[in-house]
$ cat protein_35.cif   # mmCIF, N, CA, C and O atoms
data_run
#
loop_
_atom_site.group_PDB
_atom_site.id
_atom_site.type_symbol
_atom_site.label_atom_id
_atom_site.label_comp_id
_atom_site.auth_asym_id
_atom_site.auth_seq_id
_atom_site.Cartn_x
_atom_site.Cartn_y
_atom_site.Cartn_z
ATOM 1 N N MET D 1 -13.444 -17.830 -0.855
ATOM 2 C CA MET D 1 -12.311 -17.047 -0.403
ATOM 3 C C MET D 1 -12.133 -15.851 -1.349
ATOM 4 O O MET D 1 -12.294 -15.969 -2.544
ATOM 5 N N SER D 2 -11.818 -14.716 -0.774
ATOM 6 C CA SER D 2 -11.631 -13.477 -1.518
ATOM 7 C C SER D 2 -10.259 -12.895 -1.220
ATOM 8 O O SER D 2 -9.539 -13.400 -0.365
ATOM 9 N N LEU D 3 -9.953 -11.807 -1.885
ATOM 10 C CA LEU D 3 -8.730 -11.057 -1.605
ATOM 11 C C LEU D 3 -9.094 -9.792 -0.856
ATOM 12 O O LEU D 3 -10.167 -9.221 -1.064
ATOM 13 N N LEU D 4 -8.210 -9.329 -0.009
ATOM 14 C CA LEU D 4 -8.440 -8.100 0.746
ATOM 15 C C LEU D 4 -8.727 -6.945 -0.192
ATOM 16 O O LEU D 4 -9.576 -6.100 0.084
ATOM 17 N N SER D 5 -8.076 -6.907 -1.331
ATOM 18 C CA SER D 5 -8.257 -5.806 -2.280
ATOM 19 C C SER D 5 -9.642 -5.802 -2.928
ATOM 20 O O SER D 5 -10.038 -4.817 -3.531
ATOM 21 N N GLU D 6 -10.402 -6.897 -2.800
ATOM 22 C CA GLU D 6 -11.731 -7.006 -3.405
ATOM 23 C C GLU D 6 -12.858 -6.591 -2.462
ATOM 24 O O GLU D 6 -14.002 -6.484 -2.898
ATOM 25 N N LEU D 7 -12.561 -6.375 -1.188
ATOM 26 C CA LEU D 7 -13.598 -6.012 -0.232
ATOM 27 C C LEU D 7 -14.117 -4.607 -0.500
ATOM 28 O O LEU D 7 -13.445 -3.787 -1.122
ATOM 29 N N GLN D 8 -15.316 -4.351 -0.001
ATOM 30 C CA GLN D 8 -15.948 -3.041 -0.120
ATOM 31 C C GLN D 8 -15.959 -2.371 1.251
ATOM 32 O O GLN D 8 -15.918 -3.044 2.276
ATOM 33 N N PRO D 9 -16.029 -1.039 1.292
ATOM 34 C CA PRO D 9 -16.057 -0.342 2.584
ATOM 35 C C PRO D 9 -17.161 -0.881 3.501
ATOM 36 O O PRO D 9 -18.286 -1.106 3.073
ATOM 37 N N GLY D 10 -16.784 -1.125 4.759
ATOM 38 C CA GLY D 10 -17.714 -1.639 5.757
ATOM 39 C C GLY D 10 -17.695 -3.148 5.898
ATOM 40 O O GLY D 10 -18.213 -3.681 6.880
ATOM 41 N N GLU D 11 -17.116 -3.872 4.942
ATOM 42 C CA GLU D 11 -17.080 -5.336 5.019
ATOM 43 C C GLU D 11 -16.008 -5.793 6.005
ATOM 44 O O GLU D 11 -14.955 -5.182 6.123
ATOM 45 N N LYS D 12 -16.308 -6.893 6.696
ATOM 46 C CA LYS D 12 -15.358 -7.502 7.623
ATOM 47 C C LYS D 12 -14.977 -8.873 7.099
ATOM 48 O O LYS D 12 -15.744 -9.520 6.392
ATOM 49 N N ALA D 13 -13.777 -9.319 7.483
ATOM 50 C CA ALA D 13 -13.287 -10.611 7.018
ATOM 51 C C ALA D 13 -12.236 -11.145 7.980
ATOM 52 O O ALA D 13 -11.670 -10.403 8.775
ATOM 53 N N HIS D 14 -11.998 -12.452 7.900
ATOM 54 C CA HIS D 14 -10.918 -13.111 8.632
ATOM 55 C C HIS D 14 -9.780 -13.373 7.656
ATOM 56 O O HIS D 14 -10.020 -13.819 6.532
ATOM 57 N N ILE D 15 -8.562 -13.127 8.086
ATOM 58 C CA ILE D 15 -7.392 -13.392 7.239
ATOM 59 C C ILE D 15 -7.143 -14.893 7.210
ATOM 60 O O ILE D 15 -7.078 -15.543 8.259
ATOM 61 N N VAL D 16 -7.014 -15.439 6.006
ATOM 62 C CA VAL D 16 -6.777 -16.868 5.828
ATOM 63 C C VAL D 16 -5.303 -17.141 5.533
ATOM 64 O O VAL D 16 -4.709 -18.044 6.107
ATOM 65 N N ALA D 17 -4.707 -16.364 4.630
ATOM 66 C CA ALA D 17 -3.312 -16.572 4.242
ATOM 67 C C ALA D 17 -2.759 -15.291 3.640
ATOM 68 O O ALA D 17 -3.502 -14.443 3.167
ATOM 69 N N ILE D 18 -1.437 -15.178 3.677
ATOM 70 C CA ILE D 18 -0.754 -14.036 3.070
ATOM 71 C C ILE D 18 0.305 -14.586 2.128
ATOM 72 O O ILE D 18 1.171 -15.357 2.536
ATOM 73 N N ASP D 19 0.213 -14.189 0.859
ATOM 74 C CA ASP D 19 1.161 -14.620 -0.162
ATOM 75 C C ASP D 19 1.920 -13.417 -0.689
ATOM 76 O O ASP D 19 1.454 -12.292 -0.595
ATOM 77 N N GLY D 20 3.086 -13.676 -1.253
ATOM 78 C CA GLY D 20 3.868 -12.606 -1.858
ATOM 79 C C GLY D 20 5.341 -12.779 -1.579
ATOM 80 O O GLY D 20 5.797 -13.832 -1.128
ATOM 81 N N GLU D 21 6.085 -11.717 -1.864
ATOM 82 C CA GLU D 21 7.516 -11.744 -1.616
ATOM 83 C C GLU D 21 7.774 -11.883 -0.117
ATOM 84 O O GLU D 21 7.055 -11.296 0.693
ATOM 85 N N PRO D 22 8.801 -12.626 0.274
ATOM 86 C CA PRO D 22 9.066 -12.837 1.696
ATOM 87 C C PRO D 22 9.202 -11.546 2.501
ATOM 88 O O PRO D 22 8.713 -11.463 3.630
ATOM 89 N N GLY D 23 9.829 -10.525 1.935
ATOM 90 C CA GLY D 23 9.986 -9.253 2.641
ATOM 91 C C GLY D 23 8.653 -8.584 2.908
ATOM 92 O O GLY D 23 8.414 -8.038 3.985
ATOM 93 N N LEU D 24 7.758 -8.622 1.920
ATOM 94 C CA LEU D 24 6.434 -8.029 2.075
ATOM 95 C C LEU D 24 5.607 -8.808 3.088
ATOM 96 O O LEU D 24 4.952 -8.220 3.956
ATOM 97 N N VAL D 25 5.657 -10.128 3.005
ATOM 98 C CA VAL D 25 4.907 -10.963 3.951
ATOM 99 C C VAL D 25 5.386 -10.693 5.376
ATOM 100 O O VAL D 25 4.575 -10.514 6.288
ATOM 101 N N GLN D 26 6.678 -10.614 5.578
ATOM 102 C CA GLN D 26 7.232 -10.327 6.910
ATOM 103 C C GLN D 26 6.754 -8.965 7.411
ATOM 104 O O GLN D 26 6.375 -8.821 8.567
ATOM 105 N N ARG D 27 6.756 -7.963 6.536
ATOM 106 C CA ARG D 27 6.316 -6.619 6.926
ATOM 107 C C ARG D 27 4.837 -6.608 7.306
ATOM 108 O O ARG D 27 4.442 -5.971 8.285
ATOM 109 N N LEU D 28 4.002 -7.318 6.559
ATOM 110 C CA LEU D 28 2.579 -7.393 6.888
ATOM 111 C C LEU D 28 2.361 -8.094 8.221
ATOM 112 O O LEU D 28 1.497 -7.682 9.009
ATOM 113 N N TYR D 29 3.156 -9.135 8.495
ATOM 114 C CA TYR D 29 3.090 -9.793 9.806
ATOM 115 C C TYR D 29 3.441 -8.806 10.911
ATOM 116 O O TYR D 29 2.794 -8.752 11.952
ATOM 117 N N GLU D 30 4.472 -8.015 10.696
ATOM 118 C CA GLU D 30 4.900 -7.037 11.699
ATOM 119 C C GLU D 30 3.842 -5.965 11.947
ATOM 120 O O GLU D 30 3.748 -5.418 13.037
ATOM 121 N N LEU D 31 3.041 -5.675 10.926
ATOM 122 C CA LEU D 31 1.971 -4.688 11.064
ATOM 123 C C LEU D 31 0.722 -5.273 11.732
ATOM 124 O O LEU D 31 -0.228 -4.553 12.001
ATOM 125 N N GLY D 32 0.725 -6.583 11.990
ATOM 126 C CA GLY D 32 -0.392 -7.208 12.692
ATOM 127 C C GLY D 32 -1.331 -8.006 11.827
ATOM 128 O O GLY D 32 -2.342 -8.504 12.318
ATOM 129 N N LEU D 33 -1.036 -8.134 10.547
ATOM 130 C CA LEU D 33 -1.874 -8.942 9.662
ATOM 131 C C LEU D 33 -1.459 -10.400 9.802
ATOM 132 O O LEU D 33 -0.523 -10.860 9.140
ATOM 133 N N LEU D 34 -2.145 -11.106 10.658
ATOM 134 C CA LEU D 34 -1.836 -12.502 10.939
ATOM 135 C C LEU D 34 -3.041 -13.367 10.592
ATOM 136 O O LEU D 34 -4.188 -12.912 10.693
ATOM 137 N N GLU D 35 -2.793 -14.626 10.214
ATOM 138 C CA GLU D 35 -3.884 -15.543 9.912
ATOM 139 C C GLU D 35 -4.819 -15.643 11.118
ATOM 140 O O GLU D 35 -4.371 -15.737 12.261
ATOM 141 N N GLY D 36 -6.121 -15.584 10.852
ATOM 142 C CA GLY D 36 -7.117 -15.687 11.904
ATOM 143 C C GLY D 36 -7.604 -14.351 12.436
ATOM 144 O O GLY D 36 -8.642 -14.284 13.086
ATOM 145 N N GLU D 37 -6.873 -13.270 12.175
ATOM 146 C CA GLU D 37 -7.278 -11.940 12.656
ATOM 147 C C GLU D 37 -8.488 -11.443 11.868
ATOM 148 O O GLU D 37 -8.650 -11.749 10.695
ATOM 149 N N THR D 38 -9.323 -10.659 12.535
ATOM 150 C CA THR D 38 -10.474 -10.038 11.886
ATOM 151 C C THR D 38 -10.099 -8.629 11.460
ATOM 152 O O THR D 38 -9.514 -7.885 12.238
ATOM 153 N N ILE D 39 -10.426 -8.293 10.225
ATOM 154 C CA ILE D 39 -10.147 -6.964 9.703
ATOM 155 C C ILE D 39 -11.429 -6.358 9.154
ATOM 156 O O ILE D 39 -12.378 -7.073 8.819
ATOM 157 N N GLU D 40 -11.456 -5.042 9.072
ATOM 158 C CA GLU D 40 -12.574 -4.335 8.459
ATOM 159 C C GLU D 40 -12.030 -3.396 7.395
ATOM 160 O O GLU D 40 -11.082 -2.655 7.643
ATOM 161 N N PHE D 41 -12.614 -3.449 6.230
ATOM 162 C CA PHE D 41 -12.238 -2.545 5.139
ATOM 163 C C PHE D 41 -12.915 -1.216 5.437
ATOM 164 O O PHE D 41 -14.136 -1.119 5.466
ATOM 165 N N VAL D 42 -12.140 -0.169 5.675
ATOM 166 C CA VAL D 42 -12.687 1.127 6.061
ATOM 167 C C VAL D 42 -12.993 1.985 4.847
ATOM 168 O O VAL D 42 -14.118 2.466 4.680
ATOM 169 N N ALA D 43 -12.015 2.208 3.991
ATOM 170 C CA ALA D 43 -12.210 3.104 2.847
ATOM 171 C C ALA D 43 -11.093 2.909 1.834
ATOM 172 O O ALA D 43 -10.080 2.272 2.113
ATOM 173 N N SER D 44 -11.319 3.481 0.663
ATOM 174 C CA SER D 44 -10.256 3.531 -0.337
ATOM 175 C C SER D 44 -10.138 4.966 -0.817
ATOM 176 O O SER D 44 -11.068 5.761 -0.699
ATOM 177 N N ALA D 45 -8.991 5.297 -1.352
ATOM 178 C CA ALA D 45 -8.754 6.637 -1.884
ATOM 179 C C ALA D 45 -9.690 6.873 -3.076
ATOM 180 O O ALA D 45 -10.215 5.916 -3.651
ATOM 181 N N PRO D 46 -9.894 8.115 -3.467
ATOM 182 C CA PRO D 46 -10.813 8.412 -4.571
ATOM 183 C C PRO D 46 -10.543 7.625 -5.860
ATOM 184 O O PRO D 46 -11.473 7.254 -6.555
ATOM 185 N N LEU D 47 -9.306 7.345 -6.163
ATOM 186 C CA LEU D 47 -8.990 6.568 -7.360
ATOM 187 C C LEU D 47 -8.857 5.076 -7.069
ATOM 188 O O LEU D 47 -8.442 4.302 -7.926
ATOM 189 N N GLY D 48 -9.167 4.652 -5.824
ATOM 190 C CA GLY D 48 -9.161 3.238 -5.469
ATOM 191 C C GLY D 48 -7.870 2.720 -4.866
ATOM 192 O O GLY D 48 -7.808 1.577 -4.436
ATOM 193 N N ASP D 49 -6.828 3.518 -4.837
ATOM 194 C CA ASP D 49 -5.552 3.053 -4.302
ATOM 195 C C ASP D 49 -4.877 4.199 -3.579
ATOM 196 O O ASP D 49 -4.744 5.285 -4.161
ATOM 197 N N PRO D 50 -4.492 4.087 -2.345
ATOM 198 C CA PRO D 50 -4.438 2.929 -1.460
ATOM 199 C C PRO D 50 -5.784 2.684 -0.763
ATOM 200 O O PRO D 50 -6.736 3.435 -0.942
ATOM 201 N N ILE D 51 -5.798 1.619 0.055
ATOM 202 C CA ILE D 51 -6.981 1.290 0.837
ATOM 203 C C ILE D 51 -6.648 1.407 2.321
ATOM 204 O O ILE D 51 -5.482 1.322 2.711
ATOM 205 N N GLU D 52 -7.679 1.618 3.132
ATOM 206 C CA GLU D 52 -7.502 1.720 4.578
ATOM 207 C C GLU D 52 -8.273 0.586 5.238
ATOM 208 O O GLU D 52 -9.433 0.344 4.905
ATOM 209 N N ILE D 53 -7.605 -0.106 6.170
ATOM 210 C CA ILE D 53 -8.251 -1.192 6.899
ATOM 211 C C ILE D 53 -8.116 -0.947 8.392
ATOM 212 O O ILE D 53 -7.231 -0.212 8.836
ATOM 213 N N LEU D 54 -8.993 -1.582 9.136
ATOM 214 C CA LEU D 54 -8.971 -1.522 10.595
ATOM 215 C C LEU D 54 -8.685 -2.928 11.095
ATOM 216 O O LEU D 54 -9.383 -3.880 10.734
ATOM 217 N N ILE D 55 -7.629 -3.057 11.896
ATOM 218 C CA ILE D 55 -7.288 -4.342 12.497
ATOM 219 C C ILE D 55 -7.031 -4.084 13.967
ATOM 220 O O ILE D 55 -6.138 -3.308 14.321
ATOM 221 N N GLY D 56 -7.859 -4.661 14.820
ATOM 222 C CA GLY D 56 -7.796 -4.344 16.244
ATOM 223 C C GLY D 56 -8.157 -2.883 16.428
ATOM 224 O O GLY D 56 -9.193 -2.431 15.965
ATOM 225 N N ASN D 57 -7.308 -2.130 17.086
ATOM 226 C CA ASN D 57 -7.521 -0.694 17.276
ATOM 227 C C ASN D 57 -6.641 0.139 16.358
ATOM 228 O O ASN D 57 -6.504 1.338 16.560
ATOM 229 N N SER D 58 -6.047 -0.489 15.362
ATOM 230 C CA SER D 58 -5.124 0.202 14.462
ATOM 231 C C SER D 58 -5.708 0.337 13.067
ATOM 232 O O SER D 58 -6.354 -0.576 12.563
ATOM 233 N N ARG D 59 -5.450 1.478 12.458
ATOM 234 C CA ARG D 59 -5.820 1.693 11.059
ATOM 235 C C ARG D 59 -4.551 1.620 10.226
ATOM 236 O O ARG D 59 -3.553 2.255 10.548
ATOM 237 N N LEU D 60 -4.607 0.825 9.159
ATOM 238 C CA LEU D 60 -3.469 0.662 8.272
ATOM 239 C C LEU D 60 -3.858 1.074 6.859
ATOM 240 O O LEU D 60 -4.981 0.834 6.428
ATOM 241 N N THR D 61 -2.920 1.668 6.166
ATOM 242 C CA THR D 61 -3.118 2.009 4.764
ATOM 243 C C THR D 61 -2.175 1.149 3.945
ATOM 244 O O THR D 61 -0.980 1.110 4.201
ATOM 245 N N LEU D 62 -2.742 0.432 2.972
ATOM 246 C CA LEU D 62 -1.964 -0.471 2.130
ATOM 247 C C LEU D 62 -2.206 -0.161 0.663
ATOM 248 O O LEU D 62 -3.315 0.229 0.277
ATOM 249 N N ARG D 63 -1.169 -0.378 -0.130
ATOM 250 C CA ARG D 63 -1.362 -0.296 -1.577
ATOM 251 C C ARG D 63 -2.216 -1.488 -2.005
ATOM 252 O O ARG D 63 -2.141 -2.565 -1.411
ATOM 253 N N LYS D 64 -3.010 -1.289 -3.023
ATOM 254 C CA LYS D 64 -3.909 -2.349 -3.474
ATOM 255 C C LYS D 64 -3.137 -3.578 -3.954
ATOM 256 O O LYS D 64 -3.553 -4.703 -3.749
ATOM 257 N N VAL D 65 -1.981 -3.360 -4.571
ATOM 258 C CA VAL D 65 -1.167 -4.479 -5.047
ATOM 259 C C VAL D 65 -0.668 -5.329 -3.870
ATOM 260 O O VAL D 65 -0.577 -6.550 -3.976
ATOM 261 N N ASP D 66 -0.369 -4.700 -2.736
ATOM 262 C CA ASP D 66 0.055 -5.448 -1.544
ATOM 263 C C ASP D 66 -1.133 -6.166 -0.911
ATOM 264 O O ASP D 66 -1.007 -7.291 -0.428
ATOM 265 N N ALA D 67 -2.294 -5.518 -0.908
ATOM 266 C CA ALA D 67 -3.502 -6.116 -0.332
ATOM 267 C C ALA D 67 -3.981 -7.309 -1.149
ATOM 268 O O ALA D 67 -4.672 -8.181 -0.627
ATOM 269 N N ALA D 68 -3.608 -7.368 -2.424
ATOM 270 C CA ALA D 68 -4.031 -8.472 -3.283
ATOM 271 C C ALA D 68 -3.400 -9.802 -2.875
ATOM 272 O O ALA D 68 -3.882 -10.865 -3.265
ATOM 273 N N GLY D 69 -2.355 -9.771 -2.056
ATOM 274 C CA GLY D 69 -1.733 -10.998 -1.581
ATOM 275 C C GLY D 69 -2.335 -11.535 -0.297
ATOM 276 O O GLY D 69 -1.927 -12.586 0.192
ATOM 277 N N VAL D 70 -3.323 -10.832 0.246
ATOM 278 C CA VAL D 70 -3.950 -11.237 1.508
ATOM 279 C C VAL D 70 -5.282 -11.917 1.188
ATOM 280 O O VAL D 70 -6.223 -11.266 0.712
ATOM 281 N N LYS D 71 -5.355 -13.212 1.450
ATOM 282 C CA LYS D 71 -6.593 -13.982 1.213
ATOM 283 C C LYS D 71 -7.452 -13.928 2.462
ATOM 284 O O LYS D 71 -6.955 -14.112 3.574
ATOM 285 N N VAL D 72 -8.746 -13.673 2.265
ATOM 286 C CA VAL D 72 -9.663 -13.505 3.393
ATOM 287 C C VAL D 72 -10.961 -14.276 3.146
ATOM 288 O O VAL D 72 -11.307 -14.587 2.011
ATOM 289 N N ASN D 73 -11.663 -14.550 4.241
ATOM 290 C CA ASN D 73 -13.030 -15.074 4.198
ATOM 291 C C ASN D 73 -13.938 -13.988 4.757
ATOM 292 O O ASN D 73 -13.749 -13.550 5.890
ATOM 293 N N ARG D 74 -14.897 -13.571 3.960
ATOM 294 C CA ARG D 74 -15.837 -12.534 4.402
ATOM 295 C C ARG D 74 -16.698 -13.056 5.552
ATOM 296 O O ARG D 74 -17.041 -14.221 5.595
ATOM 297 N N ILE D 75 -17.046 -12.147 6.444
ATOM 298 C CA ILE D 75 -17.915 -12.497 7.579
ATOM 299 C C ILE D 75 -19.337 -12.115 7.207
ATOM 300 O O ILE D 75 -19.589 -11.040 6.747
#
$ encode --input "protein_35.cif" --output "C-alpha cells"
Amino acid sequence: MSLLSELQPGEKAHIVAIDGEPGLVQRLYELGLLEGETIEFVASAPLGDPIEILIGNSRLTLRKVDAAGVKVNRI
C-alpha cells in the first residue's frame, strides 16, 4: 500500500482508505475520492506541490499534505 502523494506521473491506483481530519475527509469524499475508485497521477507542480490527479473525467489539484492521507494500491 502506498500514499497518493508518493505516486509518479502516469501511475494509476485504486483508493483504499482516506485518513485525516473529518472536515478534510468529507471534502475529499465530496470531490469524488471514494474507496475503490481508480485514479491517475497526472502531474505535479515544478516544486512538487500541488499535485494533479485524474478521477473519472475530472482533474483535481490537491496539496501534497492532503494527498498524504489517501492510501492507494498501485495498479
$ atom_distance --input "protein_35.cif" --atom1 "atom CA of Ala17 of chain D" --atom2 "atom CA of Gly56 of chain D"
17.7 Å
$ atom_distance --input "protein_35.cif" --atom1 "atom C of Tyr29 of chain D" --atom2 "atom O of Ser44 of chain D"
23.6 Å
$ residues_around --input "protein_35.cif" --residues "Val25 of chain D" --least-positions-apart "6" --cutoff "9 Å" --atoms "only C-alpha atoms" --output "JSON, numbers by chain"
{"D": [18, 19, 69]}
$ closest_residue --input "protein_35.cif" --among "D:Ile15, D:Leu24, D:Leu4, D:Ile75" --to "Val42 of chain D" --atoms "only C-alpha atoms"
D:Leu4
$ resolve_selection --input "protein_35.cif" --expression "the PyMOL selection byres ((chain D and resi 8) around 8)" --output "list of chain:residue names"
D:Leu3, D:Leu4, D:Ser5, D:Glu6, D:Leu7, D:Pro9, D:Gly10, D:Glu11, D:Lys12, D:Glu40, D:Phe41, D:Val42, D:Ala43, D:Ser44, D:Glu52
